[in-house]
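To be precise, the following lines are structure-v4.pdb, and they hold PDB, C-alpha atoms, pLDDT in the B column.
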```
ATOM      1  CA  MET L   1       0.000   0.000   0.000  1.00 58.00           C
ATOM      2  CA  GLU L   2       1.207   3.481  -0.805  1.00 61.00           C
ATOM      3  CA  THR L   3       1.706   6.302   1.679  1.00 65.00           C
ATOM      4  CA  ILE L   4       1.025   9.979   1.055  1.00 63.00           C
ATOM      5  CA  THR L   5       3.058  12.780   2.596  1.00 68.00           C
ATOM      6  CA  LEU L   6       0.823  15.739   3.254  1.00 68.00           C
ATOM      7  CA  HIS L   7       3.543  18.407   3.290  1.00 72.00           C
ATOM      8  CA  GLY L   8       3.792  20.430   0.102  1.00 78.00           C
ATOM      9  CA  ILE L   9       0.875  18.994  -1.917  1.00 80.00           C
ATOM     10  CA  THR L  10      -2.363  20.645  -2.856  1.00 84.00           C
ATOM     11  CA  PRO L  11      -5.770  19.198  -1.964  1.00 84.00           C
ATOM     12  CA  ASP L  12      -6.320  18.281  -5.642  1.00 88.00           C
ATOM     13  CA  GLU L  13      -3.089  16.276  -5.711  1.00 87.00           C
ATOM     14  CA  PHE L  14      -4.062  14.608  -2.447  1.00 87.00           C
ATOM     15  CA  PHE L  15      -7.476  13.534  -3.744  1.00 89.00           C
ATOM     16  CA  GLU L  16      -5.978  12.314  -7.027  1.00 90.00           C
ATOM     17  CA  LYS L  17      -3.494  10.135  -5.105  1.00 88.00           C
ATOM     18  CA  ILE L  18      -6.332   8.795  -2.958  1.00 89.00           C
ATOM     19  CA  ARG L  19      -8.327   7.912  -6.105  1.00 91.00           C
ATOM     20  CA  VAL L  20      -5.349   6.035  -7.572  1.00 89.00           C
ATOM     21  CA  ILE L  21      -4.831   4.081  -4.346  1.00 89.00           C
ATOM     22  CA  ILE L  22      -8.529   3.158  -4.152  1.00 89.00           C
ATOM     23  CA  ARG L  23      -8.570   2.009  -7.812  1.00 87.00           C
ATOM     24  CA  GLU L  24      -5.520  -0.211  -7.238  1.00 86.00           C
ATOM     25  CA  GLU L  25      -7.024  -1.715  -4.093  1.00 85.00           C
ATOM     26  CA  LEU L  26     -10.332  -2.417  -5.870  1.00 79.00           C
ATOM     27  CA  LYS L  27      -8.540  -4.121  -8.757  1.00 78.00           C
ATOM     28  CA  ALA L  28      -6.614  -6.315  -6.336  1.00 78.00           C
ATOM     29  CA  GLU L  29      -9.810  -7.200  -4.433  1.00 74.00           C
ATOM     30  CA  LEU L  30     -11.732  -8.047  -7.612  1.00 68.00           C
ATOM     31  CA  LYS L  31      -8.973 -10.389  -8.797  1.00 72.00           C
ATOM     32  CA  GLN L  32      -9.413 -12.580  -5.739  1.00 75.00           C
ATOM     33  CA  ASP L  33     -11.650 -15.560  -6.207  1.00 77.00           C
ATOM     34  CA  GLN L  34     -13.864 -16.889  -3.433  1.00 84.00           C
ATOM     35  CA  LEU L  35     -14.220 -20.539  -2.595  1.00 86.00           C
ATOM     36  CA  LEU L  36     -17.758 -21.851  -2.307  1.00 88.00           C
ATOM     37  CA  THR L  37     -19.266 -25.013  -0.920  1.00 90.00           C
ATOM     38  CA  ARG L  38     -21.472 -27.067  -3.196  1.00 91.00           C
ATOM     39  CA  GLU L  39     -24.597 -25.748  -1.501  1.00 92.00           C
ATOM     40  CA  GLY L  40     -23.418 -22.164  -1.820  1.00 90.00           C
ATOM     41  CA  ALA L  41     -22.583 -22.681  -5.485  1.00 90.00           C
ATOM     42  CA  LEU L  42     -26.003 -24.195  -6.191  1.00 91.00           C
ATOM     43  CA  LYS L  43     -27.740 -21.240  -4.532  1.00 90.00           C
ATOM     44  CA  MET L  44     -25.559 -18.668  -6.276  1.00 87.00           C
ATOM     45  CA  VAL L  45     -26.135 -19.999  -9.786  1.00 87.00           C
ATOM     46  CA  GLY L  46     -29.632 -21.372  -9.221  1.00 88.00           C
ATOM     47  CA  ILE L  47     -29.097 -24.798 -10.745  1.00 89.00           C
ATOM     48  CA  SER L  48     -29.882 -28.356  -9.738  1.00 89.00           C
ATOM     49  CA  ASN L  49     -27.431 -30.781  -8.194  1.00 91.00           C
ATOM     50  CA  ALA L  50     -27.525 -32.887 -11.380  1.00 91.00           C
ATOM     51  CA  ARG L  51     -26.533 -29.891 -13.537  1.00 91.00           C
ATOM     52  CA  PHE L  52     -23.708 -29.111 -11.083  1.00 92.00           C
ATOM     53  CA  MET L  53     -22.423 -32.702 -11.157  1.00 93.00           C
ATOM     54  CA  ARG L  54     -22.556 -32.642 -14.969  1.00 92.00           C
ATOM     55  CA  ALA L  55     -20.415 -29.470 -14.950  1.00 92.00           C
ATOM     56  CA  ILE L  56     -17.879 -31.237 -12.710  1.00 93.00           C
ATOM     57  CA  ASN L  57     -17.799 -34.276 -15.010  1.00 94.00           C
ATOM     58  CA  ASP L  58     -17.415 -32.025 -18.084  1.00 93.00           C
ATOM     59  CA  GLY L  59     -14.460 -30.261 -16.445  1.00 92.00           C
ATOM     60  CA  ILE L  60     -16.087 -26.832 -16.196  1.00 91.00           C
ATOM     61  CA  VAL L  61     -15.816 -26.848 -12.399  1.00 92.00           C
ATOM     62  CA  LYS L  62     -12.898 -28.461 -10.618  1.00 92.00           C
ATOM     63  CA  PRO L  63     -13.195 -29.400  -6.927  1.00 91.00           C
ATOM     64  CA  GLN L  64     -10.551 -27.818  -4.691  1.00 88.00           C
ATOM     65  CA  LEU L  65      -9.429 -29.892  -1.752  1.00 88.00           C
ATOM     66  CA  ILE L  66      -8.292 -27.669   1.099  1.00 83.00           C
ATOM     67  CA  LYS L  67      -6.297 -28.705   4.140  1.00 84.00           C
ATOM     68  CA  ASP L  68      -8.378 -29.277   7.288  1.00 85.00           C
ATOM     69  CA  ARG L  69     -11.627 -29.364   5.308  1.00 83.00           C
ATOM     70  CA  LYS L  70     -13.714 -32.455   4.765  1.00 87.00           C
ATOM     71  CA  ARG L  71     -15.699 -31.079   1.856  1.00 87.00           C
ATOM     72  CA  ALA L  72     -14.555 -29.949  -1.566  1.00 89.00           C
ATOM     73  CA  MET L  73     -14.741 -26.245  -2.390  1.00 91.00           C
ATOM     74  CA  TYR L  74     -15.350 -24.676  -5.778  1.00 90.00           C
ATOM     75  CA  LEU L  75     -14.003 -21.441  -7.274  1.00 88.00           C
ATOM     76  CA  GLU L  76     -16.653 -18.777  -7.807  1.00 86.00           C
ATOM     77  CA  SER L  77     -15.348 -17.864 -11.278  1.00 84.00           C
ATOM     78  CA  GLU L  78     -15.740 -21.477 -12.439  1.00 88.00           C
ATOM     79  CA  VAL L  79     -19.188 -21.831 -10.882  1.00 89.00           C
ATOM     80  CA  LEU L  80     -20.406 -18.736 -12.729  1.00 86.00           C
ATOM     81  CA  LYS L  81     -19.463 -20.369 -16.057  1.00 87.00           C
ATOM     82  CA  ILE L  82     -22.136 -23.051 -15.619  1.00 86.00           C
ATOM     83  CA  GLU L  83     -25.011 -22.481 -18.006  1.00 82.00           C
ATOM     84  CA  LYS L  84     -28.477 -23.023 -16.680  1.00 75.00           C
ATOM     85  CA  PHE L  85     -31.239 -23.992 -19.047  1.00 72.00           C
ATOM     86  CA  LYS L  86     -34.797 -22.890 -18.799  1.00 65.00           C
ATOM     87  CA  LYS L  87     -37.636 -25.342 -19.259  1.00 65.00           C
ATOM     88  CA  ARG L  88     -39.238 -25.236 -22.657  1.00 66.00           C
ATOM     89  CA  GLU L  89     -42.793 -24.014 -22.844  1.00 65.00           C
ATOM     90  CA  ASN L  90     -45.267 -26.082 -24.864  1.00 62.00           C
TER      91      ASN L  90
END
```
Would you mind giving the structure from this file in structure tokens?
Amino acid sequence: METITLHGITPDEFFEKIRVIIREELKAELKQDQLLTREGALKMVGISNARFMRAINDGIVKPQLIKDRKRAMYLESEVLKIEKFKKREN
């Protein structure tokens, strides 16, 4: 993280430096990917367990095994790639 010395800068320069720091921090935060449980992934995408298992078998979603956890976790970016189909109307 960057520091700003307040001696000898104008308020406009100060606010511009603050904006740059905030943009960099937001970019870093958005690049992080959350890990989800299967239940959380199903709720987030709104799909059935069968559709989720099919995505795992097709290689779209890869289970992540994490130390000291008994259940597999799934990356949010991969879960969001799962396509959900709507039922056809007759």
| task | Grab the CA of Gln64 (chain L) to CA of Gly40 (chain L) distance for me, in Å with one decimal place. | result |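 Taking CA of Gln64 (chain L) and CA of Gly40 (chain L), their separation equals 14.3 Å.
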Residue contacts of region 65-72 of chain L (9 Å, all atoms listed in the file) excluding same-chain residues fewer than 6 positions away, as a PDB file with C-alpha atoms, in the coordinates of the input:
```pdb
ATOM      1  CA  LEU L  36     -17.758 -21.851  -2.307  1.00 88.00           C
ATOM      2  CA  THR L  37     -19.266 -25.013  -0.920  1.00 90.00           C
ATOM      3  CA  ARG L  38     -21.472 -27.067  -3.196  1.00 91.00           C
TER       4      ARG L  38
END
```
| request: Write out as a PyMOL selection string each polymer residue whose atoms come within 10 Å of Val61 (chain L), counting only C-alpha atoms; drop sequence neighbours fewer than 6 positions from it. | output: chain L and resi 52-55+74-82
| field | Nearby residues (all atoms listed in the file) at most 9 Å from Lys84 (chain L), same-chain spacing under 3 positions excluded, as a ChimeraX atom specification | value | /L:45-48,51
Using only C-alpha atoms, please write the residues we just selected to a file, as an mmCIF file, in the frame of the given file.
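Result written to again_37.cif:
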```cif
data_model
loop_
_atom_site.group_PDB
_atom_site.id
_atom_site.type_symbol
_atom_site.label_atom_id
_atom_site.label_comp_id
_atom_site.auth_asym_id
_atom_site.auth_seq_id
_atom_site.Cartn_x
_atom_site.Cartn_y
_atom_site.Cartn_z
ATOM 1 C CA VAL L 45 -26.135 -19.999 -9.786
ATOM 2 C CA GLY L 46 -29.632 -21.372 -9.221
ATOM 3 C CA ILE L 47 -29.097 -24.798 -10.745
ATOM 4 C CA SER L 48 -29.882 -28.356 -9.738
ATOM 5 C CA ARG L 51 -26.533 -29.891 -13.537
#
```
Please reconstruct the missing atoms of region 11-33 of chain L (target: N, CA and C atoms) and return them as a PDB file, in the frame of the given file.
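part.pdb was written with the following content:
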```pdb
ATOM      1  N   PRO L  11      -4.649  20.120  -2.193  1.00 84.00           N
ATOM      2  CA  PRO L  11      -5.770  19.198  -1.964  1.00 84.00           C
ATOM      3  C   PRO L  11      -6.131  18.393  -3.226  1.00 84.00           C
ATOM      4  N   ASP L  12      -6.018  19.017  -4.403  1.00 88.00           N
ATOM      5  CA  ASP L  12      -6.320  18.281  -5.642  1.00 88.00           C
ATOM      6  C   ASP L  12      -5.354  17.115  -5.849  1.00 88.00           C
ATOM      7  N   GLU L  13      -4.069  17.351  -5.588  1.00 87.00           N
ATOM      8  CA  GLU L  13      -3.089  16.276  -5.711  1.00 87.00           C
ATOM      9  C   GLU L  13      -3.367  15.169  -4.692  1.00 87.00           C
ATOM     10  N   PHE L  14      -3.742  15.580  -3.494  1.00 87.00           N
ATOM     11  CA  PHE L  14      -4.062  14.608  -2.447  1.00 87.00           C
ATOM     12  C   PHE L  14      -5.224  13.715  -2.862  1.00 87.00           C
ATOM     13  N   PHE L  15      -6.309  14.322  -3.353  1.00 89.00           N
ATOM     14  CA  PHE L  15      -7.476  13.534  -3.744  1.00 89.00           C
ATOM     15  C   PHE L  15      -7.177  12.658  -4.952  1.00 89.00           C
ATOM     16  N   GLU L  16      -6.348  13.130  -5.870  1.00 90.00           N
ATOM     17  CA  GLU L  16      -5.978  12.314  -7.027  1.00 90.00           C
ATOM     18  C   GLU L  16      -5.180  11.088  -6.575  1.00 90.00           C
ATOM     19  N   LYS L  17      -4.259  11.273  -5.627  1.00 88.00           N
ATOM     20  CA  LYS L  17      -3.494  10.135  -5.105  1.00 88.00           C
ATOM     21  C   LYS L  17      -4.401   9.156  -4.379  1.00 88.00           C
ATOM     22  N   ILE L  18      -5.366   9.668  -3.647  1.00 89.00           N
ATOM     23  CA  ILE L  18      -6.332   8.795  -2.958  1.00 89.00           C
ATOM     24  C   ILE L  18      -7.131   7.981  -3.976  1.00 89.00           C
ATOM     25  N   ARG L  19      -7.572   8.629  -5.059  1.00 91.00           N
ATOM     26  CA  ARG L  19      -8.327   7.912  -6.105  1.00 91.00           C
ATOM     27  C   ARG L  19      -7.497   6.790  -6.715  1.00 91.00           C
ATOM     28  N   VAL L  20      -6.228   7.053  -6.989  1.00 89.00           N
ATOM     29  CA  VAL L  20      -5.349   6.035  -7.572  1.00 89.00           C
ATOM     30  C   VAL L  20      -5.192   4.856  -6.619  1.00 89.00           C
ATOM     31  N   ILE L  21      -4.992   5.149  -5.345  1.00 89.00           N
ATOM     32  CA  ILE L  21      -4.831   4.081  -4.346  1.00 89.00           C
ATOM     33  C   ILE L  21      -6.103   3.241  -4.255  1.00 89.00           C
ATOM     34  N   ILE L  22      -7.260   3.884  -4.246  1.00 89.00           N
ATOM     35  CA  ILE L  22      -8.529   3.158  -4.152  1.00 89.00           C
ATOM     36  C   ILE L  22      -8.735   2.283  -5.381  1.00 89.00           C
ATOM     37  N   ARG L  23      -8.440   2.808  -6.587  1.00 87.00           N
ATOM     38  CA  ARG L  23      -8.570   2.009  -7.812  1.00 87.00           C
ATOM     39  C   ARG L  23      -7.688   0.771  -7.763  1.00 87.00           C
ATOM     40  N   GLU L  24      -6.435   0.924  -7.322  1.00 86.00           N
ATOM     41  CA  GLU L  24      -5.520  -0.211  -7.238  1.00 86.00           C
ATOM     42  C   GLU L  24      -6.013  -1.249  -6.232  1.00 86.00           C
ATOM     43  N   GLU L  25      -6.517  -0.788  -5.101  1.00 85.00           N
ATOM     44  CA  GLU L  25      -7.024  -1.715  -4.093  1.00 85.00           C
ATOM     45  C   GLU L  25      -8.260  -2.459  -4.599  1.00 85.00           C
ATOM     46  N   LEU L  26      -9.146  -1.764  -5.308  1.00 79.00           N
ATOM     47  CA  LEU L  26     -10.332  -2.417  -5.870  1.00 79.00           C
ATOM     48  C   LEU L  26      -9.945  -3.460  -6.904  1.00 79.00           C
ATOM     49  N   LYS L  27      -8.994  -3.152  -7.759  1.00 78.00           N
ATOM     50  CA  LYS L  27      -8.540  -4.121  -8.757  1.00 78.00           C
ATOM     51  C   LYS L  27      -7.979  -5.363  -8.086  1.00 78.00           C
ATOM     52  N   ALA L  28      -7.194  -5.177  -7.054  1.00 78.00           N
ATOM     53  CA  ALA L  28      -6.614  -6.315  -6.336  1.00 78.00           C
ATOM     54  C   ALA L  28      -7.701  -7.149  -5.669  1.00 78.00           C
ATOM     55  N   GLU L  29      -8.710  -6.500  -5.100  1.00 74.00           N
ATOM     56  CA  GLU L  29      -9.810  -7.200  -4.433  1.00 74.00           C
ATOM     57  C   GLU L  29     -10.645  -7.978  -5.444  1.00 74.00           C
ATOM     58  N   LEU L  30     -10.897  -7.390  -6.612  1.00 68.00           N
ATOM     59  CA  LEU L  30     -11.732  -8.047  -7.612  1.00 68.00           C
ATOM     60  C   LEU L  30     -11.031  -9.237  -8.250  1.00 68.00           C
ATOM     61  N   LYS L  31      -9.710  -9.271  -8.213  1.00 72.00           N
ATOM     62  CA  LYS L  31      -8.973 -10.389  -8.797  1.00 72.00           C
ATOM     63  C   LYS L  31      -9.016 -11.617  -7.906  1.00 72.00           C
ATOM     64  N   GLN L  32      -9.343 -11.444  -6.644  1.00 75.00           N
ATOM     65  CA  GLN L  32      -9.413 -12.580  -5.739  1.00 75.00           C
ATOM     66  C   GLN L  32     -10.668 -13.377  -6.028  1.00 75.00           C
ATOM     67  N   ASP L  33     -10.539 -14.666  -5.907  1.00 77.00           N
ATOM     68  CA  ASP L  33     -11.650 -15.560  -6.207  1.00 77.00           C
ATOM     69  C   ASP L  33     -12.079 -16.242  -4.918  1.00 77.00           C
TER      70      ASP L  33
END
```
